[in-house]
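**Q** Got a file for you: model.tsv, TSV, C-alpha atoms and all ligand atoms.
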```tsv
chain	number	residue	atom	x	y	z
A	119	MET	CA	-21.31	22.82	21.88
A	120	SER	CA	-24.98	22.01	22.52
A	121	ALA	CA	-26.34	18.51	21.82
A	122	GLY	CA	-28.41	19.90	18.92
A	123	ALA	CA	-25.42	21.61	17.29
A	124	PHE	CA	-23.31	18.49	17.77
A	125	LEU	CA	-26.02	16.33	16.13
A	126	HIS	CA	-26.34	18.80	13.29
A	127	GLN	CA	-22.57	18.78	12.70
A	128	LYS	CA	-22.46	14.96	12.69
A	129	THR	CA	-25.42	14.68	10.28
A	130	SER	CA	-23.81	17.20	7.95
A	131	GLU	CA	-20.49	15.30	8.10
A	132	LEU	CA	-22.25	12.02	7.25
A	133	LYS	CA	-24.02	13.70	4.33
A	134	HIS	CA	-20.77	15.03	2.88
A	135	ARG	CA	-18.59	11.96	3.41
A	136	VAL	CA	-17.03	10.62	0.21
A	137	ARG	CA	-15.91	7.02	-0.38
A	138	VAL	CA	-12.18	7.33	-1.00
A	139	TRP	CA	-10.65	3.92	-0.19
A	140	ASP	CA	-12.71	1.12	-1.72
A	141	LEU	CA	-12.90	-2.19	0.16
A	142	PRO	CA	-10.31	-3.97	-2.06
A	143	THR	CA	-7.75	-1.19	-1.40
A	144	ARG	CA	-8.40	-1.32	2.35
A	145	LEU	CA	-8.11	-5.12	2.42
A	146	PHE	CA	-4.93	-4.86	0.32
A	147	HIS	CA	-3.47	-2.41	2.84
A	148	TRP	CA	-4.22	-4.34	6.03
A	149	LEU	CA	-3.29	-7.73	4.52
A	150	LEU	CA	-0.01	-6.18	3.37
A	151	VAL	CA	0.66	-4.86	6.88
A	152	ALA	CA	-0.04	-8.31	8.42
A	153	SER	CA	2.09	-10.12	5.80
A	154	ILE	CA	5.05	-7.79	6.27
A	155	ILE	CA	4.98	-8.13	10.04
A	156	GLY	CA	4.85	-11.91	9.47
A	157	MET	CA	7.76	-11.74	7.01
A	158	PHE	CA	10.03	-9.86	9.40
A	159	ALA	CA	9.02	-12.13	12.30
A	160	SER	CA	9.55	-15.36	10.34
A	161	ALA	CA	12.94	-14.16	9.02
A	162	TYR	CA	14.19	-13.33	12.51
A	163	LEU	CA	12.77	-16.53	14.04
A	164	GLY	CA	14.36	-18.64	11.29
A	165	ALA	CA	10.96	-19.95	10.12
A	166	LEU	CA	11.99	-19.71	6.48
A	167	ASP	CA	9.22	-21.98	5.12
A	168	TRP	CA	6.73	-19.44	6.44
A	169	HIS	CA	8.91	-16.58	5.22
A	170	MET	CA	8.72	-17.96	1.66
A	171	ARG	CA	4.96	-18.60	1.87
A	172	LEU	CA	4.34	-15.06	3.11
A	173	GLY	CA	6.62	-13.74	0.34
A	174	CYS	CA	4.23	-15.35	-2.15
A	175	VAL	CA	1.27	-13.67	-0.39
A	176	VAL	CA	3.03	-10.29	-0.74
A	177	LEU	CA	3.64	-11.00	-4.43
A	178	VAL	CA	-0.07	-11.81	-4.95
A	179	LEU	CA	-0.98	-8.53	-3.20
A	180	LEU	CA	1.50	-6.50	-5.25
A	181	ILE	CA	0.34	-7.93	-8.59
A	182	PHE	CA	-3.27	-7.26	-7.53
A	183	ARG	CA	-2.43	-3.66	-6.52
A	184	LEU	CA	-0.61	-3.01	-9.81
A	185	VAL	CA	-3.72	-3.98	-11.77
A	186	TRP	CA	-6.08	-2.26	-9.28
A	187	GLY	CA	-4.06	0.92	-9.81
A	188	LEU	CA	-5.31	0.84	-13.41
A	189	VAL	CA	-8.91	-0.32	-13.04
A	190	GLY	CA	-9.78	0.20	-9.35
A	191	GLY	CA	-11.73	2.92	-7.56
A	192	HIS	CA	-11.06	6.54	-8.58
A	193	TRP	CA	-8.73	7.43	-5.67
A	194	SER	CA	-6.84	4.11	-5.82
A	195	ARG	CA	-5.80	4.67	-9.44
A	196	PHE	CA	-2.15	5.48	-10.10
A	197	ALA	CA	-3.26	8.45	-12.18
A	198	GLN	CA	-4.63	10.05	-8.97
A	199	PHE	CA	-1.32	9.93	-7.14
A	200	ALA	CA	1.22	10.17	-9.93
A	201	PRO	CA	3.86	12.80	-9.09
A	202	THR	CA	3.32	14.83	-12.29
A	203	PRO	CA	5.01	18.27	-12.71
A	204	ARG	CA	1.55	19.93	-12.36
A	205	ARG	CA	0.91	18.13	-9.10
A	206	ILE	CA	4.38	18.97	-7.74
A	207	TRP	CA	3.90	22.65	-8.67
A	208	ARG	CA	0.50	22.74	-6.95
A	209	ALA	CA	1.93	21.10	-3.81
A	210	LEU	CA	4.81	23.59	-3.69
A	211	ARG	CA	2.46	26.57	-4.05
A	212	ARG	CA	-0.14	25.40	-1.53
A	213	PRO	CA	1.38	22.58	0.56
A	214	ALA	CA	-1.68	22.26	2.81
A	215	HIS	CA	-4.10	21.88	-0.08
A	216	ASP	CA	-2.22	19.83	-2.63
A	217	THR	CA	-5.04	17.28	-2.98
A	218	GLU	CA	-7.47	20.12	-3.86
A	219	VAL	CA	-10.34	18.83	-1.72
A	220	GLY	CA	-8.34	16.94	0.91
A	221	LEU	CA	-9.07	13.50	-0.57
A	222	GLY	CA	-6.60	10.92	-1.87
A	223	HIS	CA	-2.89	10.86	-1.07
A	224	SER	CA	-0.96	14.08	-0.47
A	225	LEU	CA	2.18	14.49	-2.62
A	226	PRO	CA	4.64	13.37	0.11
A	227	GLY	CA	2.25	10.48	0.89
A	228	ALA	CA	2.10	9.52	-2.78
A	229	LEU	CA	5.90	9.60	-3.11
A	230	SER	CA	6.34	7.39	-0.05
A	231	ILE	CA	3.74	4.95	-1.38
A	232	TRP	CA	5.47	4.67	-4.76
A	233	ALA	CA	8.75	4.10	-2.91
A	234	MET	CA	7.19	1.43	-0.68
A	235	LEU	CA	5.61	-0.42	-3.61
A	236	LEU	CA	8.90	-0.38	-5.59
A	237	VAL	CA	11.08	-1.44	-2.64
A	238	LEU	CA	8.58	-4.19	-1.78
A	239	LEU	CA	8.67	-5.46	-5.36
A	240	ALA	CA	12.50	-5.44	-5.28
A	241	GLN	CA	12.40	-7.29	-1.95
A	242	VAL	CA	10.12	-10.01	-3.35
A	243	VAL	CA	12.07	-10.40	-6.63
A	244	SER	CA	15.42	-10.54	-4.80
A	245	GLY	CA	13.92	-13.12	-2.40
A	246	LEU	CA	12.91	-15.31	-5.36
A	247	MET	CA	16.56	-15.31	-6.49
A	248	SER	CA	18.17	-15.65	-3.04
A	249	ASP	CA	20.13	-18.68	-1.89
A	250	ASP	CA	21.54	-19.12	1.64
A	251	ASP	CA	23.88	-21.92	0.46
A	252	ILE	CA	22.62	-24.10	3.35
A	253	ALA	CA	19.01	-25.19	3.25
A	254	TYR	CA	16.89	-22.56	1.53
A	255	ALA	CA	16.83	-21.20	-1.99
A	256	GLY	CA	14.22	-19.12	-3.76
A	257	PRO	CA	12.56	-20.75	-6.80
A	258	TRP	CA	14.55	-18.64	-9.26
A	259	ALA	CA	17.97	-19.08	-7.57
A	260	GLN	CA	19.08	-21.97	-9.83
A	261	ARG	CA	17.69	-20.33	-12.96
A	262	VAL	CA	19.75	-17.15	-13.00
A	263	PRO	CA	23.55	-16.64	-13.21
A	264	GLU	CA	25.38	-17.39	-9.97
A	265	ALA	CA	26.73	-13.84	-9.69
A	266	LEU	CA	23.18	-12.45	-9.86
A	267	THR	CA	22.01	-14.88	-7.16
A	268	ALA	CA	24.89	-13.75	-4.91
A	269	TRP	CA	24.08	-10.08	-5.50
A	270	MET	CA	20.34	-10.58	-4.94
A	271	THR	CA	20.96	-12.59	-1.74
A	272	ASP	CA	23.14	-9.78	-0.43
A	273	TYR	CA	20.60	-7.10	-1.42
A	274	HIS	CA	17.67	-9.05	0.09
A	275	ALA	CA	19.33	-9.66	3.45
A	276	HIS	CA	21.42	-6.54	3.92
A	277	ILE	CA	20.01	-3.64	1.94
A	278	GLY	CA	16.38	-4.25	0.96
A	279	GLN	CA	15.08	-5.16	4.40
A	280	TRP	CA	16.50	-1.96	5.93
A	281	LEU	CA	15.21	0.19	3.08
A	282	LEU	CA	11.77	-1.32	3.58
A	283	LEU	CA	11.89	-0.92	7.34
A	284	GLY	CA	12.98	2.71	6.93
A	285	LEU	CA	10.08	3.46	4.59
A	286	VAL	CA	7.57	1.72	6.88
A	287	VAL	CA	8.82	3.73	9.88
A	288	LEU	CA	8.62	6.95	7.82
A	289	HIS	CA	5.07	5.99	6.80
A	290	GLY	CA	4.08	5.44	10.45
A	291	VAL	CA	5.67	8.74	11.53
A	292	ALA	CA	3.84	10.60	8.73
A	293	VAL	CA	0.47	9.12	9.73
A	294	LEU	CA	1.17	10.07	13.38
A	295	PHE	CA	2.26	13.59	12.34
A	296	TYR	CA	-1.07	14.08	10.54
A	297	LEU	CA	-2.94	12.78	13.60
A	298	LEU	CA	-1.13	14.68	16.33
A	299	VAL	CA	0.07	17.88	14.63
A	300	ARG	CA	-2.37	18.48	11.79
A	301	LYS	CA	-5.28	16.93	13.72
A	302	GLU	CA	-6.25	14.88	10.69
A	303	ASN	CA	-7.07	11.24	11.23
A	304	LEU	CA	-5.99	9.28	8.14
A	305	ILE	CA	-6.28	5.90	9.87
A	306	SER	CA	-10.07	5.66	10.17
A	307	PRO	CA	-10.63	6.32	6.42
A	308	MET	CA	-8.26	3.37	5.80
A	309	MET	CA	-10.70	1.33	7.96
A	310	HIS	CA	-14.16	2.49	6.84
A	311	GLY	CA	-13.23	4.01	3.48
A	312	ASP	CA	-14.76	7.50	3.77
A	313	LYS	CA	-13.23	10.98	4.07
A	314	LEU	CA	-14.69	14.42	4.59
A	315	PRO	CA	-13.59	16.83	1.84
A	316	THR	CA	-11.99	20.05	3.08
A	317	LEU	CA	-14.02	22.06	0.55
A	318	THR	CA	-17.52	20.60	0.53
A	319	SER	CA	-18.56	23.02	-2.22
A	320	SER	CA	-16.08	21.50	-4.74
A	321	PRO	CA	-17.25	18.53	-6.79
A	322	CYS	CA	-15.74	15.31	-5.41
A	323	THR	CA	-15.58	12.07	-7.34
A	324	PRO	CA	-16.19	9.09	-5.07
A	325	SER	CA	-14.36	5.80	-5.59
A	326	ARG	CA	-16.65	3.12	-6.97
A	327	ASP	CA	-17.14	0.47	-4.29
A	328	ASP	CA	-20.25	-1.53	-5.21
A	329	LEU	CA	-20.75	-5.29	-5.39
A	330	LEU	CA	-19.71	-5.47	-9.04
A	331	SER	CA	-16.38	-3.70	-8.50
A	332	ARG	CA	-15.72	-5.89	-5.44
A	333	MET	CA	-16.43	-9.01	-7.52
A	334	LEU	CA	-14.00	-7.71	-10.16
A	335	ALA	CA	-11.40	-7.26	-7.40
A	336	LEU	CA	-11.96	-10.86	-6.27
A	337	VAL	CA	-11.45	-12.16	-9.81
A	338	LEU	CA	-8.27	-10.06	-10.12
A	339	LEU	CA	-7.01	-11.37	-6.77
A	340	LEU	CA	-7.54	-14.97	-7.91
A	341	ALA	CA	-5.80	-14.18	-11.22
A	342	SER	CA	-2.89	-12.61	-9.27
A	343	ALA	CA	-2.66	-15.79	-7.17
A	344	ALA	CA	-2.55	-17.88	-10.38
A	345	VAL	CA	0.21	-15.69	-11.85
A	346	THR	CA	2.18	-15.95	-8.58
A	347	TRP	CA	1.75	-19.74	-8.56
A	348	TRP	CA	3.07	-19.87	-12.12
A	349	LEU	CA	5.94	-17.46	-11.42
A	350	THR	CA	7.11	-19.24	-8.27
A	351	GLY	CA	6.35	-22.78	-9.38
A	352	PHE	CA	8.02	-22.94	-12.77
A	353	ALA	CA	11.40	-23.82	-11.30
A	354	ALA	CA	10.03	-26.79	-9.35
B	401	LIG	C1	4.12	-2.87	7.13
B	401	LIG	C2	3.57	-1.72	7.31
B	401	LIG	C3	2.86	-0.90	6.27
B	401	LIG	C4	2.95	-0.88	4.92
B	401	LIG	C5	3.88	-1.69	4.04
B	401	LIG	C6	2.00	0.09	4.44
B	401	LIG	C7	1.78	0.41	3.11
B	401	LIG	C8	0.85	1.31	2.63
B	401	LIG	C9	0.52	1.52	1.26
B	401	LIG	C10	1.14	0.77	0.08
B	401	LIG	C11	-0.42	2.48	1.21
B	401	LIG	C12	-1.12	3.00	-0.02
B	401	LIG	C13	-2.48	2.33	-0.10
B	401	LIG	C14	-2.92	2.20	-1.51
B	401	LIG	O1	-3.20	3.22	-2.16
B	401	LIG	O2	-2.95	1.06	-1.99
B	401	LIG	C15	-0.68	2.94	2.55
B	401	LIG	C16	-1.57	3.93	2.91
B	401	LIG	C17	-1.91	4.21	4.21
B	401	LIG	N1	-1.45	3.57	5.33
B	401	LIG	FE1	-0.06	2.14	5.42
B	401	LIG	N2	1.35	0.65	5.50
B	401	LIG	C18	1.84	0.06	6.64
B	401	LIG	C19	1.44	0.28	7.93
B	401	LIG	C20	0.48	1.19	8.30
B	401	LIG	C21	0.01	1.41	9.66
B	401	LIG	C22	0.53	0.64	10.88
B	401	LIG	C23	-0.92	2.40	9.60
B	401	LIG	C24	-1.73	3.05	10.69
B	401	LIG	C25	-1.86	2.64	11.90
B	401	LIG	C26	-1.06	2.79	8.23
B	401	LIG	C27	-1.90	3.76	7.76
B	401	LIG	C28	-2.06	4.12	6.45
B	401	LIG	C29	-2.93	5.17	6.01
B	401	LIG	C30	-3.79	6.05	6.91
B	401	LIG	C31	-2.83	5.25	4.62
B	401	LIG	C32	-3.54	6.24	3.71
B	401	LIG	C33	-2.71	7.47	3.66
B	401	LIG	C34	-3.45	8.60	2.96
B	401	LIG	O3	-4.58	8.88	3.35
B	401	LIG	O4	-2.85	9.16	2.04
B	401	LIG	N3	-0.20	2.04	7.46
B	401	LIG	N4	0.09	2.18	3.41
```
Would it be possible to restate this file's structure as structure tokens?
**A**
Amino acid sequence: MSAGAFLHQKTSELKHRVRVWDLPTRLFHWLLVASIIGMFASAYLGALDWHMRLGCVVLVLLIFRLVWGLVGGHWSRFAQFAPTPRRIWRALRRPAHDTEVGLGHSLPGALSIWAMLLVLLAQVVSGLMSDDDIAYAGPWAQRVPEALTAWMTDYHAHIGQWLLLGLVVLHGVAVLFYLLVRKENLISPMMHGDKLPTLTSSPCTPSRDDLLSRMLALVLLLASAAVTWWLTGFAA
């Protein structure tokens, strides 16, 4: 390709790029990744004070994401990646084009994200009720029936962590599959926020990502931290 044609292609790509992942969603994602790595590391190193602190960070992020799924940027809203019968039918008929213009999460991606959010929530809630009978107990452990604490401790340590790890590995494999087999890089949009629609002629709604929506996200993050503080502190 000549330098002129290359420049023309790049200019056209820049012109057609659509903001898909707003800054709050991207920060949510990468902070979640860092916290989960920290949670696994602290659990295996026996640094349980840090494990509990990072668990609170994950809870703040999850509460924030639940609210952001209702009021956030267009493509971050739950309505955009809900596995409705219409969406499933469209994905079955045209698997390569199930997002219509190649933006947002594909159906398998959406399903894995719902699974990850639910398993993460279960992991945090079971952690709050866990008790190792030696030195560490979650803030809810003494507030719920003993049998529930025992069940939650078992789930947290033996089932939940493997479920979560399995989903994270699946997520990584899917992202790599898109990169290596389908030649579609999903990672850079999760960094800079923009994607190139597959059908540039179709109307594409961008996610709102201006100063006002970022300020709203900051307020919601602080509110999520306050709710987490209340939820984890009431037993103290
Ligand atoms: C602990 C590990 C991880 C967790 C728990 C996780 C979780 C998530 C979640 C919840 C979403 C949905 C974002 C949203 O709508 O809020 C997502 C999307 C995404 N993640 Fe991860 N992630 C992890 C690691 C990674 C890594 C290591 C990469 C790449 C190097 C990655 C790349 C992506 C991409 C590209 C998307 C967007 C997928 C799409 O375009 O549909 N993730 N991840």
**Q** Would you mind reading off the distance between CA of Ala343 (chain A) and CA of Leu329 (chain A), one decimal, in Å?
**A**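 Separating CA of Ala343 (chain A) from CA of Leu329 (chain A) is a distance of 21.0 Å.
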**Q** Can you pull out the residues contacting Ser153 (chain A)? Cut-off 9 Å, using all atoms listed in the file, and skip same-chain residues under 6 positions away; I want them as an mmCIF file with C-alpha atoms, keeping the file's coordinate frame.
**A**
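Result file is out-v6.cif:
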```cif
data_model
loop_
_atom_site.group_PDB
_atom_site.id
_atom_site.type_symbol
_atom_site.label_atom_id
_atom_site.label_comp_id
_atom_site.auth_asym_id
_atom_site.auth_seq_id
_atom_site.Cartn_x
_atom_site.Cartn_y
_atom_site.Cartn_z
ATOM 1 C CA LEU A 172 4.340 -15.060 3.110
ATOM 2 C CA GLY A 173 6.620 -13.740 0.340
ATOM 3 C CA VAL A 175 1.270 -13.670 -0.390
ATOM 4 C CA VAL A 176 3.030 -10.290 -0.740
#
```
**Q** Within 6 Å of ligand LIG 401 (chain B), counting only C-alpha atoms and all ligand atoms, which protein or nucleic acid residues do you find, written as a PDB file with C-alpha atoms, keeping the file's coordinate frame?
**A**
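The result, written out as selection27.pdb:
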```pdb
ATOM      1  CA  THR A 143      -7.750  -1.190  -1.400  1.00  0.00           C
ATOM      2  CA  HIS A 147      -3.470  -2.410   2.840  1.00  0.00           C
ATOM      3  CA  LEU A 150      -0.010  -6.180   3.370  1.00  0.00           C
ATOM      4  CA  VAL A 151       0.660  -4.860   6.880  1.00  0.00           C
ATOM      5  CA  ILE A 154       5.050  -7.790   6.270  1.00  0.00           C
ATOM      6  CA  SER A 194      -6.840   4.110  -5.820  1.00  0.00           C
ATOM      7  CA  GLY A 222      -6.600  10.920  -1.870  1.00  0.00           C
ATOM      8  CA  HIS A 223      -2.890  10.860  -1.070  1.00  0.00           C
ATOM      9  CA  SER A 224      -0.960  14.080  -0.470  1.00  0.00           C
ATOM     10  CA  GLY A 227       2.250  10.480   0.890  1.00  0.00           C
ATOM     11  CA  ILE A 231       3.740   4.950  -1.380  1.00  0.00           C
ATOM     12  CA  LEU A 235       5.610  -0.420  -3.610  1.00  0.00           C
ATOM     13  CA  VAL A 286       7.570   1.720   6.880  1.00  0.00           C
ATOM     14  CA  GLY A 290       4.080   5.440  10.450  1.00  0.00           C
ATOM     15  CA  VAL A 293       0.470   9.120   9.730  1.00  0.00           C
ATOM     16  CA  LEU A 304      -5.990   9.280   8.140  1.00  0.00           C
ATOM     17  CA  ILE A 305      -6.280   5.900   9.870  1.00  0.00           C
ATOM     18  CA  MET A 308      -8.260   3.370   5.800  1.00  0.00           C
TER      19      MET A 308
END
```
**Q** Excluding region 247-263 of chain A and residues on its chain fewer than 4 positions from it, collect all residues at most 6 Å away from it, counting only C-alpha atoms, and give them as a list in words.
**A**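 The neighbour list is Thr267, Met270, Thr271, Thr350 and Ala353 of chain A.
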**Q** Mind giving me the straight-line distance from CA of Trp232 (chain A) to CA of Arg326 (chain A) in Å, one decimal?
**A** 22.3 Å
**Q** Please tell me which residues are no farther than 9 Å from (-2.5, -12.8, -5.3) in the file, counting all atoms listed in the file, and write them as a PyMOL selection string.
**A** chain A and resi 174-182+338-347
**Q** Under the rule that only C-alpha atoms are counted, which of A:Pro307, A:Pro201, A:Gly284, A:Gly245 is the nearest residue to Met157 (chain A)?
**A**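 So, comparing all the options, the nearest one is A:Gly245.
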**Q** Please determine, counting all atoms listed in the file, which residue among A:Gly190, A:Leu266, A:Leu246, A:Ala197 has the shortest atom-to-atom distance to Leu349 (chain A).
**A** A:Leu246
**Q** Hey, which of A:Leu125, A:Leu149, A:Ala292, A:Ala240 ends up closest to Gly278 (chain A)? Count all atoms listed in the file.
**A** A:Ala240
**Q** So how far away is CA of Gln241 (chain A) from CA of Leu281 (chain A), in Å?
**A**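 CA of Gln241 (chain A) lies 9.4 Å from CA of Leu281 (chain A).
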**Q** When distances are computed from all atoms listed in the file, which of A:Val291, A:Leu314, A:Val299, A:Val185 shows the smallest separation from Pro142 (chain A)?
**A**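 Smallest separation from Pro142 (chain A) among the options: A:Val185.
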**Q** Ranking A:Ser325, A:Ser244, A:Gln198, A:Ser230 by minimum distance to Gly311 (chain A) and counting all atoms listed in the file, which one comes first?
**A**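 Looking only at the distances to Gly311 (chain A), the closest residue turns out to be A:Ser325.
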**Q** Residues within 10 Å of Thr323 (chain A), please, as a list in words. Count all atoms listed in the file; anything in the same chain fewer than 4 positions from it doesn't count.
**A**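 Final neighbour list, sorted by chain and number: Val136, Arg137, Val138, Gly191, His192, Trp193 and Leu221 of chain A.
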**Q** Taking all atoms of region 145-153 of chain A that appear in the file, build a box with edges along x, y and z, extend it by 3 Å on every side, and state its centre and edge lengths in Å to one decimal, as lines of an AutoDock Vina configuration file.
**A**
```
center_x = -3.0
center_y = -6.3
center_z = 4.4
size_x = 16.2
size_y = 13.7
size_z = 14.1
```
